[in-house]
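Participant: I am attaching a structure below and will ask some questions about it afterwards.
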Amino acid sequence: MAPTASLLTSTLIGLSLAHSVFSFTPGFPYGSEKVRGVNLGGWLVLEPWITPSIFDNTGNSAIVDEWTFGQYQDYDTALSVLQNHWNTWITESDFAAIAAAGLNHVRLPIGYWAFELPYLQNAVQWASQYGLKVIVDLHGAPGSQNGYDNSGQRMGFPTWHSNQTNIQRTDDIIKTIASMFADQTDVVPIIAPLNEPAGYDGSAVLSAVTQYWYDSWGNIRYPYGTSETSNTVVLLHDAFQPLSYWEGFEAPPNYDGVAMDTHIYQVFSDAENAMSYQEHINTACGSQSSLSGFDLWLVVGEWSPAATDCAKYLNGRGIGSRYDGSYPGSTAVGSCTGLTGSASTFSSSYKTFLRQFWEAQVISYEAVTDGWLQWTWKAENADEWSYQAGLANGWIPQNPTNLMYPTICG
């Protein structure tokens, strides 16, 4: 443990290490059964590309995230739109459809401002009803941990890590969430204490994140204020570092109940947008070497069959796409027509590729990790990203084990 880890956590570990190492029983058999799931993106944290209409309807181009959605509108107007969205974007019928599609987990991104709303409890109740497991994922932290709009607040450089008050608030939120679900690990087996902290921004971020991971383990595994441990899995994120960076971190025998989340996309660079369909598939198959042999449970908690950044607002509201050259400084690969939007505009060859790319990723992730969760369940106008649309249009099988291209990776 790092020398700066809290004395309380150290004491608790000492008190109960022998007990917890031998009695940790998660609410899902991680390591022996694969996680197969989907993210409920854009519900309890707005994302402009998932629901562009919500942002376009404001008529204000300065509204680019949930923060400015509240900042630049009348309170009642903003609240009315948000409540309608919360009540309709994800409902019980979505949980029924997700379970019917042979999935076993949902990952629920939530902002620090939203976890006490009734929707989180509704989601857990629906999951229980349909036999699904919920990963509660803190997707937005005070000050923003990455500056992305999906943290709730888009900014040039994140400020979560540089303000101890932000970090302490986040610790307190995780304590509250851990306490809420400590005795419901049969439905909420995992808490992810922070999505995608921007480790690429340097050592100050990584130092803060490392300490926060230590504190989160204590906060999640000891939710009762005593030496009694919970059975809740702590899902860390790799902070955009190679898995080798985290080798040995919070690993057995000194820690138990820890898993690592890594996110894999092939759309956020010029080079990736310029790849051929076969190169995308080869890259997916090739990911097996970098993912294999990690010392914690490992899940690919976000990935997608999308192979371009064509989806409207994917790079941020008002920002274009690398693929068609409308992103600042990019070189066009081609037109986005027929590659995003409604599946009714997709050619049969494109849908065949989406199926092959989907299968190459599922095969690869199941071969060397403990499972996967696709981003995302639904989107207003970006069917290439939507699990729901993939099911309806044939590039995602009705059961994720029914593969058409089982040897696509060789």
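Identifiers in this document derive from the order of the structure tokens: chains are assigned A, B, ..., residues are numbered from 1 separately in each chain, and ligands are numbered from 1 in order of occurrence.
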Within 10 Å of stretch 253-270 of chain A, which residues of stretch 160-207 of chain A come that close, and what is the closest atom pair and distance in Å for each? Count only C-alpha atoms and give it as CSV.
Facilitator:
```
residue,atom,partner,partner_atom,distance
A:Ile190,CA,A:Ala259,CA,9.0
A:Ala192,CA,A:Asp261,CA,8.7
A:Asn195,CA,A:Asp261,CA,9.0
A:Glu196,CA,A:His263,CA,8.5
```
Participant: The selected residues should be written to file as an mmCIF file, in the first residue's frame (atoms: N, CA, C and O atoms).
Facilitator:
```cif
data_model
loop_
_atom_site.group_PDB
_atom_site.id
_atom_site.type_symbol
_atom_site.label_atom_id
_atom_site.label_comp_id
_atom_site.auth_asym_id
_atom_site.auth_seq_id
_atom_site.Cartn_x
_atom_site.Cartn_y
_atom_site.Cartn_z
ATOM 1 N N ILE A 190 -20.782 -4.600 -8.367
ATOM 2 C CA ILE A 190 -19.598 -3.792 -8.667
ATOM 3 C C ILE A 190 -19.913 -2.304 -8.533
ATOM 4 O O ILE A 190 -20.965 -1.844 -8.987
ATOM 5 N N ALA A 192 -17.830 1.199 -9.677
ATOM 6 C CA ALA A 192 -16.674 1.782 -10.366
ATOM 7 C C ALA A 192 -16.519 3.212 -9.857
ATOM 8 O O ALA A 192 -17.348 4.070 -10.171
ATOM 9 N N ASN A 195 -14.855 7.014 -13.695
ATOM 10 C CA ASN A 195 -14.681 6.700 -15.107
ATOM 11 C C ASN A 195 -13.588 7.551 -15.747
ATOM 12 O O ASN A 195 -13.584 8.779 -15.617
ATOM 13 N N GLU A 196 -12.683 6.903 -16.435
ATOM 14 C CA GLU A 196 -11.732 7.553 -17.349
ATOM 15 C C GLU A 196 -11.025 8.798 -16.803
ATOM 16 O O GLU A 196 -11.048 9.857 -17.451
#
```
Participant: Contacts of stretch 314-325 of chain A at 10 Å or less, counting only C-alpha atoms, minus same-chain residues fewer than 6 places along, as an NGL selection string?
Facilitator: :A and (47-50 or 52 or 55-56 or 61-65 or 148-150 or 154 or 267-274 or 307-308 or 331-337 or 382)
Participant: One decimal, in Å: what's the spacing between atom CA of A:Ala367 and atom CA of A:Gln288?
Facilitator: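 According to the coordinates, atom CA of A:Ala367 and atom CA of A:Gln288 are separated by 7.4 Å.
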Participant: Just want the 6 Å neighbourhood of stretch 28-36 of chain A, counted on only C-alpha atoms, with same-chain residues fewer than 4 positions away dropped. Output as a short mmCIF file (atom, residue, chain, number, x, y, z; two decimals) with N, CA, C and O atoms, in the first residue's frame.
Facilitator:
```cif
data_model
loop_
_atom_site.label_atom_id
_atom_site.label_comp_id
_atom_site.auth_asym_id
_atom_site.auth_seq_id
_atom_site.Cartn_x
_atom_site.Cartn_y
_atom_site.Cartn_z
N LEU A 103 -27.82 -10.86 -22.31
CA LEU A 103 -26.80 -10.12 -21.56
C LEU A 103 -27.00 -10.32 -20.06
O LEU A 103 -28.11 -10.64 -19.61
N ASN A 104 -25.94 -10.14 -19.29
CA ASN A 104 -26.05 -10.37 -17.85
C ASN A 104 -25.69 -9.14 -17.00
O ASN A 104 -25.92 -9.15 -15.79
N ASP A 370 -12.23 -11.06 -18.68
CA ASP A 370 -13.39 -11.61 -17.97
C ASP A 370 -14.73 -11.12 -18.51
O ASP A 370 -15.77 -11.40 -17.94
N GLY A 371 -14.67 -10.38 -19.63
CA GLY A 371 -15.91 -10.00 -20.29
C GLY A 371 -15.91 -8.58 -20.80
O GLY A 371 -14.88 -7.90 -20.82
N TRP A 372 -17.10 -8.12 -21.19
CA TRP A 372 -17.22 -6.88 -21.95
C TRP A 372 -18.58 -6.23 -21.74
O TRP A 372 -19.56 -6.89 -21.40
N LEU A 373 -18.60 -4.91 -21.96
CA LEU A 373 -19.86 -4.15 -21.97
C LEU A 373 -19.77 -3.15 -23.11
O LEU A 373 -18.91 -2.28 -23.14
#
```
Participant: Write down as a PDB file with N, CA and C atoms, in the first residue's frame the residues of stretch 160-406 of chain A whose backbone DSSP state falls under strand (DSSP E).
Facilitator:
```pdb
ATOM      1  N   ILE A 190     -20.782  -4.600  -8.367  1.00  0.00           N
ATOM      2  CA  ILE A 190     -19.598  -3.792  -8.667  1.00  0.00           C
ATOM      3  C   ILE A 190     -19.913  -2.304  -8.533  1.00  0.00           C
ATOM      4  N   ILE A 191     -18.974  -1.562  -7.951  1.00  0.00           N
ATOM      5  CA  ILE A 191     -18.983  -0.106  -8.013  1.00  0.00           C
ATOM      6  C   ILE A 191     -17.689   0.335  -8.692  1.00  0.00           C
ATOM      7  N   ALA A 192     -17.830   1.199  -9.677  1.00  0.00           N
ATOM      8  CA  ALA A 192     -16.674   1.782 -10.366  1.00  0.00           C
ATOM      9  C   ALA A 192     -16.519   3.212  -9.857  1.00  0.00           C
ATOM     10  N   VAL A 233     -17.339  -5.621  -5.488  1.00  0.00           N
ATOM     11  CA  VAL A 233     -16.118  -5.527  -6.285  1.00  0.00           C
ATOM     12  C   VAL A 233     -15.819  -4.058  -6.580  1.00  0.00           C
ATOM     13  N   VAL A 234     -14.551  -3.684  -6.474  1.00  0.00           N
ATOM     14  CA  VAL A 234     -14.082  -2.340  -6.804  1.00  0.00           C
ATOM     15  C   VAL A 234     -13.525  -2.387  -8.222  1.00  0.00           C
ATOM     16  N   LEU A 235     -14.172  -1.663  -9.137  1.00  0.00           N
ATOM     17  CA  LEU A 235     -13.739  -1.659 -10.539  1.00  0.00           C
ATOM     18  C   LEU A 235     -12.952  -0.385 -10.834  1.00  0.00           C
ATOM     19  N   LEU A 236     -11.638  -0.526 -10.922  1.00  0.00           N
ATOM     20  CA  LEU A 236     -10.767   0.595 -11.251  1.00  0.00           C
ATOM     21  C   LEU A 236     -10.768   0.829 -12.762  1.00  0.00           C
ATOM     22  N   HIS A 237     -10.304   2.006 -13.189  1.00  0.00           N
ATOM     23  CA  HIS A 237     -10.082   2.248 -14.613  1.00  0.00           C
ATOM     24  C   HIS A 237      -8.590   2.446 -14.838  1.00  0.00           C
ATOM     25  N   VAL A 258     -10.908  -6.749  -6.418  1.00  0.00           N
ATOM     26  CA  VAL A 258     -10.540  -5.630  -7.286  1.00  0.00           C
ATOM     27  C   VAL A 258     -10.541  -6.093  -8.734  1.00  0.00           C
ATOM     28  N   ALA A 259     -11.099  -5.287  -9.613  1.00  0.00           N
ATOM     29  CA  ALA A 259     -11.094  -5.559 -11.051  1.00  0.00           C
ATOM     30  C   ALA A 259     -10.632  -4.303 -11.781  1.00  0.00           C
ATOM     31  N   MET A 260     -10.168  -4.496 -13.008  1.00  0.00           N
ATOM     32  CA  MET A 260      -9.695  -3.383 -13.829  1.00  0.00           C
ATOM     33  C   MET A 260     -10.563  -3.254 -15.080  1.00  0.00           C
ATOM     34  N   ASP A 261     -10.864  -2.021 -15.424  1.00  0.00           N
ATOM     35  CA  ASP A 261     -11.662  -1.693 -16.600  1.00  0.00           C
ATOM     36  C   ASP A 261     -10.760  -1.001 -17.620  1.00  0.00           C
ATOM     37  N   THR A 262     -10.822  -1.467 -18.860  1.00  0.00           N
ATOM     38  CA  THR A 262     -10.120  -0.789 -19.945  1.00  0.00           C
ATOM     39  C   THR A 262     -11.114  -0.506 -21.059  1.00  0.00           C
ATOM     40  N   HIS A 263     -10.942   0.611 -21.741  1.00  0.00           N
ATOM     41  CA  HIS A 263     -11.864   1.033 -22.797  1.00  0.00           C
ATOM     42  C   HIS A 263     -11.136   1.032 -24.136  1.00  0.00           C
ATOM     43  N   ILE A 264     -11.758   0.446 -25.143  1.00  0.00           N
ATOM     44  CA  ILE A 264     -11.093   0.249 -26.434  1.00  0.00           C
ATOM     45  C   ILE A 264     -11.977   0.791 -27.554  1.00  0.00           C
ATOM     46  N   TRP A 297      -9.061  -9.342 -12.182  1.00  0.00           N
ATOM     47  CA  TRP A 297     -10.166  -9.488 -13.128  1.00  0.00           C
ATOM     48  C   TRP A 297     -10.130  -8.294 -14.068  1.00  0.00           C
ATOM     49  N   LEU A 298     -10.347  -8.541 -15.357  1.00  0.00           N
ATOM     50  CA  LEU A 298     -10.249  -7.493 -16.371  1.00  0.00           C
ATOM     51  C   LEU A 298     -11.497  -7.507 -17.243  1.00  0.00           C
ATOM     52  N   VAL A 299     -12.132  -6.356 -17.380  1.00  0.00           N
ATOM     53  CA  VAL A 299     -13.270  -6.233 -18.291  1.00  0.00           C
ATOM     54  C   VAL A 299     -13.028  -5.077 -19.258  1.00  0.00           C
ATOM     55  N   VAL A 300     -13.511  -5.256 -20.477  1.00  0.00           N
ATOM     56  CA  VAL A 300     -13.510  -4.164 -21.445  1.00  0.00           C
ATOM     57  C   VAL A 300     -14.864  -3.476 -21.288  1.00  0.00           C
ATOM     58  N   GLY A 301     -14.858  -2.426 -20.462  1.00  0.00           N
ATOM     59  CA  GLY A 301     -16.106  -1.814 -20.024  1.00  0.00           C
ATOM     60  C   GLY A 301     -16.739  -0.857 -21.012  1.00  0.00           C
ATOM     61  N   GLU A 302     -15.970  -0.486 -22.049  1.00  0.00           N
ATOM     62  CA  GLU A 302     -16.510   0.290 -23.164  1.00  0.00           C
ATOM     63  C   GLU A 302     -15.788  -0.130 -24.438  1.00  0.00           C
ATOM     64  N   TRP A 303     -16.570  -0.335 -25.481  1.00  0.00           N
ATOM     65  CA  TRP A 303     -16.061  -0.598 -26.830  1.00  0.00           C
ATOM     66  C   TRP A 303     -17.255  -0.485 -27.760  1.00  0.00           C
ATOM     67  N   GLY A 371     -14.673 -10.375 -19.629  1.00  0.00           N
ATOM     68  CA  GLY A 371     -15.905 -10.002 -20.286  1.00  0.00           C
ATOM     69  C   GLY A 371     -15.910  -8.584 -20.799  1.00  0.00           C
ATOM     70  N   TRP A 372     -17.102  -8.123 -21.195  1.00  0.00           N
ATOM     71  CA  TRP A 372     -17.218  -6.877 -21.947  1.00  0.00           C
ATOM     72  C   TRP A 372     -18.578  -6.227 -21.738  1.00  0.00           C
ATOM     73  N   LEU A 373     -18.603  -4.914 -21.956  1.00  0.00           N
ATOM     74  CA  LEU A 373     -19.857  -4.155 -21.968  1.00  0.00           C
ATOM     75  C   LEU A 373     -19.772  -3.152 -23.114  1.00  0.00           C
ATOM     76  N   GLN A 374     -20.656  -3.310 -24.089  1.00  0.00           N
ATOM     77  CA  GLN A 374     -20.625  -2.416 -25.259  1.00  0.00           C
ATOM     78  C   GLN A 374     -21.154  -1.031 -24.901  1.00  0.00           C
TER      79      GLN A 374
END
```
Participant: Can you list every residue of stretch 61-132 of chain A that has an atom at most 12 Å from stretch 160-174 of chain A, with its nearest atom pair and the distance in Å to one decimal, using only C-alpha atoms, ordered by chain then number, as a Markdown table?
Facilitator:
```
| residue | atom | partner | partner_atom | distance |
| --- | --- | --- | --- | --- |
| A:Ile110 | CA | A:Ile173 | CA | 11.4 |
| A:Gly111 | CA | A:Ile173 | CA | 10.2 |
| A:Tyr112 | CA | A:Ile173 | CA | 7.1 |
| A:Trp113 | CA | A:Ile173 | CA | 9.5 |
| A:Ala114 | CA | A:Ile173 | CA | 10.6 |
| A:Phe115 | CA | A:Ile173 | CA | 8.5 |
| A:Glu116 | CA | A:Ile173 | CA | 9.8 |
```
Participant: Grab the atom CA of A:Leu108 to atom CA of A:Lys133 distance for me, in Å with one decimal place.
Facilitator: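 Result for atom CA of A:Leu108 versus atom CA of A:Lys133: 10.3 Å, one decimal.
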Participant: Give the answer as one residue: which of A:Gly37, A:Pro158, A:Pro26, A:Gly59 has the shortest atom-to-atom distance to A:His105, using only C-alpha atoms?
Facilitator: A:Gly37
Participant: Report, in Å with one decimal, the straight-line distance from atom CA of A:Ile98 to atom CA of A:Ala123.
Facilitator: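 These atoms are spaced 12.4 Å apart.
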Participant: Show which residues sit within 12 Å of A:Asn402, as a list in words. Count only C-alpha atoms, and ignore same-chain residues fewer than 6 positions away.
Facilitator: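 Near neighbours after the sequence-gap exclusion: Ala101, Gly102, Arg355, Trp358, Glu359, Val362, Ile363, Gly394, Trp395 and Ile396 of chain A.
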Participant: Write out as a PDB file with N, CA, C and O atoms, in the first residue's frame each polymer residue whose atoms come within 7 Å of A:Ile220, counting only C-alpha atoms; drop sequence neighbours fewer than 2 positions from it.
Facilitator:
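As written to disk, part27.pdb reads:
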```pdb
ATOM      1  N   LYS A 175     -18.528   6.658  -0.703  1.00  0.00           N
ATOM      2  CA  LYS A 175     -18.943   6.071   0.574  1.00  0.00           C
ATOM      3  C   LYS A 175     -20.465   5.928   0.625  1.00  0.00           C
ATOM      4  O   LYS A 175     -20.994   4.905   1.086  1.00  0.00           O
ATOM      5  N   ALA A 178     -21.574   3.195  -1.826  1.00  0.00           N
ATOM      6  CA  ALA A 178     -21.194   1.878  -1.284  1.00  0.00           C
ATOM      7  C   ALA A 178     -22.136   1.459  -0.172  1.00  0.00           C
ATOM      8  O   ALA A 178     -22.540   0.289  -0.081  1.00  0.00           O
ATOM      9  N   SER A 216     -10.592   4.425  -2.441  1.00  0.00           N
ATOM     10  CA  SER A 216     -11.855   3.833  -2.912  1.00  0.00           C
ATOM     11  C   SER A 216     -11.973   2.381  -2.480  1.00  0.00           C
ATOM     12  O   SER A 216     -13.066   1.910  -2.163  1.00  0.00           O
ATOM     13  N   TRP A 217     -10.845   1.662  -2.478  1.00  0.00           N
ATOM     14  CA  TRP A 217     -10.905   0.273  -2.023  1.00  0.00           C
ATOM     15  C   TRP A 217     -11.397   0.221  -0.575  1.00  0.00           C
ATOM     16  O   TRP A 217     -12.305  -0.549  -0.242  1.00  0.00           O
ATOM     17  N   GLY A 218     -10.845   1.062   0.272  1.00  0.00           N
ATOM     18  CA  GLY A 218     -11.304   1.109   1.658  1.00  0.00           C
ATOM     19  C   GLY A 218     -12.753   1.550   1.762  1.00  0.00           C
ATOM     20  O   GLY A 218     -13.553   0.982   2.517  1.00  0.00           O
ATOM     21  N   TYR A 222     -15.246  -1.477   2.837  1.00  0.00           N
ATOM     22  CA  TYR A 222     -15.578  -1.301   4.260  1.00  0.00           C
ATOM     23  C   TYR A 222     -16.684  -0.256   4.414  1.00  0.00           C
ATOM     24  O   TYR A 222     -16.461   0.830   4.913  1.00  0.00           O
ATOM     25  N   PRO A 223     -17.899  -0.578   3.971  1.00  0.00           N
ATOM     26  CA  PRO A 223     -18.965   0.420   3.952  1.00  0.00           C
ATOM     27  C   PRO A 223     -19.718   0.562   5.267  1.00  0.00           C
ATOM     28  O   PRO A 223     -20.583   1.442   5.392  1.00  0.00           O
ATOM     29  N   THR A 232     -18.641  -6.243  -2.304  1.00  0.00           N
ATOM     30  CA  THR A 232     -18.704  -5.402  -3.500  1.00  0.00           C
ATOM     31  C   THR A 232     -17.337  -5.356  -4.186  1.00  0.00           C
ATOM     32  O   THR A 232     -16.321  -5.085  -3.547  1.00  0.00           O
ATOM     33  N   VAL A 234     -14.551  -3.684  -6.474  1.00  0.00           N
ATOM     34  CA  VAL A 234     -14.082  -2.340  -6.804  1.00  0.00           C
ATOM     35  C   VAL A 234     -13.525  -2.387  -8.222  1.00  0.00           C
ATOM     36  O   VAL A 234     -12.542  -3.087  -8.483  1.00  0.00           O
TER      37      VAL A 234
END
```
Participant: Let me make sure I understand: among A:Gly286, A:Pro109, A:Pro118, A:Gly390, which one has the smallest atom-to-atom distance to A:Cys409 if we use only C-alpha atoms?
Facilitator: A:Gly286
Participant: Can you list, as a VMD selection string, every residue of stretch 76-140 of chain A that DSSP puts in alpha helix (DSSP H)?
Facilitator: chain A and resid 76 to 88 92 to 100 118 to 130
Participant: For stretch 242-251 of chain A, find every residue with an atom within 8 Å (counting only C-alpha atoms), except residues of its own chain fewer than 6 positions away, and show them as a PyMOL selection string.
Facilitator: chain A and resi 1+214+258+290-291+294-296
